[in-house]
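Next comes target04.pdb, with PDB, C-alpha atoms and all ligand atoms.
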```pdb
ATOM      1  CA  MET G   1     104.953 139.508  94.524  1.00  0.00           C
ATOM      2  CA  ILE G   2     101.573 138.014  94.102  1.00  0.00           C
ATOM      3  CA  PRO G   3     101.163 134.618  92.458  1.00  0.00           C
ATOM      4  CA  PHE G   4      98.262 135.641  90.241  1.00  0.00           C
ATOM      5  CA  LYS G   5      98.563 136.467  86.579  1.00  0.00           C
ATOM      6  CA  LYS G   6      94.945 135.702  85.927  1.00  0.00           C
ATOM      7  CA  CYS G   7      92.021 136.195  88.229  1.00  0.00           C
ATOM      8  CA  PRO G   8      91.208 132.898  89.983  1.00  0.00           C
ATOM      9  CA  VAL G   9      87.561 133.960  90.150  1.00  0.00           C
ATOM     10  CA  CYS G  10      86.807 134.831  86.521  1.00  0.00           C
ATOM     11  CA  ASN G  11      90.116 134.263  84.710  1.00  0.00           C
ATOM     12  CA  GLY G  12      90.249 137.962  83.803  1.00  0.00           C
ATOM     13  CA  GLU G  13      93.346 140.093  83.506  1.00  0.00           C
ATOM     14  CA  VAL G  14      94.919 141.212  86.762  1.00  0.00           C
ATOM     15  CA  VAL G  15      96.915 144.437  87.184  1.00  0.00           C
ATOM     16  CA  GLU G  16      98.769 145.942  90.111  1.00  0.00           C
ATOM     17  CA  LYS G  17      97.113 149.066  91.505  1.00  0.00           C
ATOM     18  CA  GLU G  18      97.280 151.247  94.555  1.00  0.00           C
ATOM     19  CA  VAL G  19      94.003 150.884  96.392  1.00  0.00           C
ATOM     20  CA  GLU G  20      92.456 152.193  99.567  1.00  0.00           C
ATOM     21  CA  LYS G  21      91.325 149.644 102.063  1.00  0.00           C
ATOM     22  CA  LEU G  22      89.110 150.398 105.021  1.00  0.00           C
ATOM     23  CA  LEU G  23      90.108 148.532 108.155  1.00  0.00           C
ATOM     24  CA  ARG G  24      88.074 148.242 111.298  1.00  0.00           C
ATOM     25  CA  GLY G  25      89.170 147.283 114.790  1.00  0.00           C
ATOM     26  CA  GLY G  26      86.892 147.753 117.762  1.00  0.00           C
ATOM     27  CA  ASN G  27      85.090 151.046 117.198  1.00  0.00           C
ATOM     28  CA  ASN G  28      87.888 152.528 115.132  1.00  0.00           C
ATOM     29  CA  THR G  29      88.485 152.554 111.432  1.00  0.00           C
ATOM     30  CA  ALA G  30      91.529 153.388 109.375  1.00  0.00           C
ATOM     31  CA  VAL G  31      92.106 153.835 105.687  1.00  0.00           C
ATOM     32  CA  VAL G  32      95.309 152.350 104.303  1.00  0.00           C
ATOM     33  CA  LYS G  33      96.775 152.756 100.875  1.00  0.00           C
ATOM     34  CA  VAL G  34      98.275 149.528  99.677  1.00  0.00           C
ATOM     35  CA  LYS G  35      99.248 147.827  96.476  1.00  0.00           C
ATOM     36  CA  ALA G  36      96.899 145.139  95.369  1.00  0.00           C
ATOM     37  CA  GLU G  37      96.330 143.055  92.313  1.00  0.00           C
ATOM     38  CA  VAL G  38      92.988 144.060  90.883  1.00  0.00           C
ATOM     39  CA  CYS G  39      91.029 142.090  88.333  1.00  0.00           C
ATOM     40  CA  LEU G  40      90.020 144.272  85.406  1.00  0.00           C
ATOM     41  CA  HIS G  41      87.028 142.101  84.732  1.00  0.00           C
ATOM     42  CA  CYS G  42      85.267 141.467  88.057  1.00  0.00           C
ATOM     43  CA  GLY G  43      87.076 143.968  90.281  1.00  0.00           C
ATOM     44  CA  GLU G  44      88.219 141.360  92.768  1.00  0.00           C
ATOM     45  CA  ARG G  45      91.240 142.472  94.786  1.00  0.00           C
ATOM     46  CA  PHE G  46      94.124 140.253  95.782  1.00  0.00           C
ATOM     47  CA  TYR G  47      96.589 141.153  98.466  1.00  0.00           C
ATOM     48  CA  SER G  48     100.008 139.747  99.139  1.00  0.00           C
ATOM     49  CA  LYS G  49     100.725 137.902 102.374  1.00  0.00           C
ATOM     50  CA  SER G  50     102.744 140.770 103.775  1.00  0.00           C
ATOM     51  CA  THR G  51      99.905 143.191 103.009  1.00  0.00           C
ATOM     52  CA  ILE G  52      97.419 140.908 104.760  1.00  0.00           C
ATOM     53  CA  ASN G  53      99.766 140.718 107.764  1.00  0.00           C
ATOM     54  CA  LYS G  54      99.893 144.498 107.765  1.00  0.00           C
ATOM     55  CA  PHE G  55      96.077 144.623 107.791  1.00  0.00           C
ATOM     56  CA  GLN G  56      96.018 142.338 110.840  1.00  0.00           C
ATOM     57  CA  GLU G  57      98.562 144.488 112.600  1.00  0.00           C
ATOM     58  CA  ILE G  58      96.607 147.676 111.937  1.00  0.00           C
ATOM     59  CA  ARG G  59      93.329 146.040 112.990  1.00  0.00           C
ATOM     60  CA  SER G  60      94.733 144.939 116.329  1.00  0.00           C
ATOM     61  CA  LYS G  61      96.226 148.394 116.878  1.00  0.00           C
ATOM     62  CA  LEU G  62      92.833 149.935 116.201  1.00  0.00           C
ATOM     63  CA  GLU G  63      91.235 147.520 118.601  1.00  0.00           C
ATOM     64  CA  HIS G  64      93.660 148.427 121.367  1.00  0.00           C
ATOM     65  CA  GLU G  65      93.501 152.156 120.604  1.00  0.00           C
ATOM     66  CA  GLU G  66      97.192 152.246 119.697  1.00  0.00           C
ATOM     67  CA  ILE G  67      96.490 154.946 117.190  1.00  0.00           C
ATOM     68  CA  SER G  68      99.287 157.435 117.910  1.00  0.00           C
ATOM     69  CA  GLU G  69     101.050 156.613 114.645  1.00  0.00           C
ATOM     70  CA  PHE G  70      97.918 157.056 112.572  1.00  0.00           C
ATOM     71  CA  GLU G  71      96.952 160.317 111.008  1.00  0.00           C
ATOM     72  CA  LEU G  72      93.547 161.659 111.980  1.00  0.00           C
ATOM     73  CA  LEU G  73      91.458 162.138 108.873  1.00  0.00           C
ATOM     74  CA  GLY G  74      88.089 162.869 110.370  1.00  0.00           C
ATOM     75  CA  HIS G  75      85.559 161.227 112.580  1.00  0.00           C
ATOM     76  CA  SER G  76      83.495 158.260 111.730  1.00  0.00           C
ATOM     77  CA  PHE G  77      79.890 158.147 112.733  1.00  0.00           C
ATOM     78  CA  LYS G  78      77.285 155.523 113.072  1.00  0.00           C
ATOM     79  CA  ALA G  79      73.903 156.578 111.816  1.00  0.00           C
ATOM     80  CA  GLY G  80      70.839 154.936 113.213  1.00  0.00           C
ATOM     81  CA  SER G  81      67.929 154.330 110.908  1.00  0.00           C
ATOM     82  CA  ARG G  82      64.599 155.611 112.014  1.00  0.00           C
TER
HETATM   83 ZN    ZN J   1      88.062 138.484  88.050  1.00  0.00          ZN
END
```

Final structure tokens representation of the file:
Amino acid sequence: MIPFKKCPVCNGEVVEKEVEKLLRGGNNTAVVKVKAEVCLHCGERFYSKSTINKFQEIRSKLEHEEISEFELLGHSFKAGSR
């Protein structure tokens, strides 16, 4: 588990929630649902070490286009500003 009972940023109350995190590697992005500790006061999110390791793993997979295990949700686009 995560060693926070209080938010180290604002000292607010921290609760465990399932959150969506957007990860980017190379030109690819993936959305992962993970458990995080979320501060009720400032909204800061805290992830456990194993979750952060998972993020790294997914990022490097995205970077190397090893995306066969990921589910295709849609395309992501880059919009230029004119
Ligand atoms: Zn906080």

Long-range neighbours of Val38 (chain G) as a PDB file with C-alpha atoms, in the frame of the given file, 9 Å cut-off, all atoms listed in the file, 6 positions minimum in chain:
```pdb
ATOM      1  CA  CYS G   7      92.021 136.195  88.229  1.00  0.00           C
ATOM      2  CA  GLU G  13      93.346 140.093  83.506  1.00  0.00           C
ATOM      3  CA  VAL G  14      94.919 141.212  86.762  1.00  0.00           C
ATOM      4  CA  VAL G  15      96.915 144.437  87.184  1.00  0.00           C
ATOM      5  CA  GLU G  16      98.769 145.942  90.111  1.00  0.00           C
ATOM      6  CA  LYS G  17      97.113 149.066  91.505  1.00  0.00           C
ATOM      7  CA  VAL G  19      94.003 150.884  96.392  1.00  0.00           C
ATOM      8  CA  GLU G  44      88.219 141.360  92.768  1.00  0.00           C
ATOM      9  CA  ARG G  45      91.240 142.472  94.786  1.00  0.00           C
ATOM     10  CA  PHE G  46      94.124 140.253  95.782  1.00  0.00           C
ATOM     11  CA  TYR G  47      96.589 141.153  98.466  1.00  0.00           C
TER      12      TYR G  47
END
```

Quote the spacing between CA of Cys39 (chain G) and CA of Gln56 (chain G) in Å to one decimal place.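 Separating CA of Cys39 (chain G) from CA of Gln56 (chain G) is a distance of 23.1 Å.
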
Pick from G:Cys42, G:Gly26, G:Lys35, G:Lys21 nearest to ligand ZN 1 (chain J), counting only C-alpha atoms and all ligand atoms: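 With only C-alpha atoms and all ligand atoms as the atom set, the closest residue is G:Cys42.
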
Just give me the gap between CA of Thr51 (chain G) and CA of Lys33 (chain G) in Å, one decimal is fine. 10.3 Å

With 6 Å of padding per side, what axis-aligned box (centre and edge lengths, Å, one decimal) covers all the listed atoms of region 59-64 of chain G? Give it as lines of an AutoDock Vina configuration file.
```
center_x = 93.7
center_y = 147.4
center_z = 117.2
size_x = 17.0
size_y = 17.0
size_z = 20.4
```

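For the pair CA of Asn27 (chain G) and CA of Gly43 (chain G), the separation is 27.9 Å.
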
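Residues matching the PyMOL selection byres (((chain G and resi 76) around 12) and not hetatm) in this structure come to Leu22, Arg24, Asn27, Asn28, Thr29, Ala30, Val31, Leu72, Leu73, Gly74, His75, Phe77, Lys78 and Ala79 of chain G.
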
Write out, as a compact mmCIF listing (two decimals), in the frame of the given file, the residues just selected, with C-alpha atoms.
```txt
# COMPACT_ATOMS: atom_id res chain seq x y z
CA LEU G 22 89.11 150.40 105.02
CA ARG G 24 88.07 148.24 111.30
CA ASN G 27 85.09 151.05 117.20
CA ASN G 28 87.89 152.53 115.13
CA THR G 29 88.48 152.55 111.43
CA ALA G 30 91.53 153.39 109.38
CA VAL G 31 92.11 153.84 105.69
CA LEU G 72 93.55 161.66 111.98
CA LEU G 73 91.46 162.14 108.87
CA GLY G 74 88.09 162.87 110.37
CA HIS G 75 85.56 161.23 112.58
CA PHE G 77 79.89 158.15 112.73
CA LYS G 78 77.28 155.52 113.07
CA ALA G 79 73.90 156.58 111.82
```

G:Leu40, G:Leu23, G:Val34, G:Cys10 ranked by distance to Arg59 (chain G), top pick (using only C-alpha atoms): G:Leu23

One residue among G:Lys61, G:Lys54, G:Lys5, G:Lys49 is nearest to ligand ZN 1 (chain J) when using only C-alpha atoms and all ligand atoms, and that residue is G:Lys5

Counting all atoms listed in the file, which of G:Glu57, G:Glu71, G:Glu37, G:Glu66 gets nearest to ligand ZN 1 (chain J)? G:Glu37

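Restricting the calculation to all atoms listed in the file, the smallest distance between ligand ZN 1 (chain J) and any of G:Glu18, G:His41, G:Glu65, G:Ile58 is found for G:His41.
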
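Of the residues listed (G:Ser50, G:Pro8, G:Phe55, G:Gly80), G:Phe55 shows the shortest atom-to-atom separation from Glu20 (chain G); distances use all atoms listed in the file.
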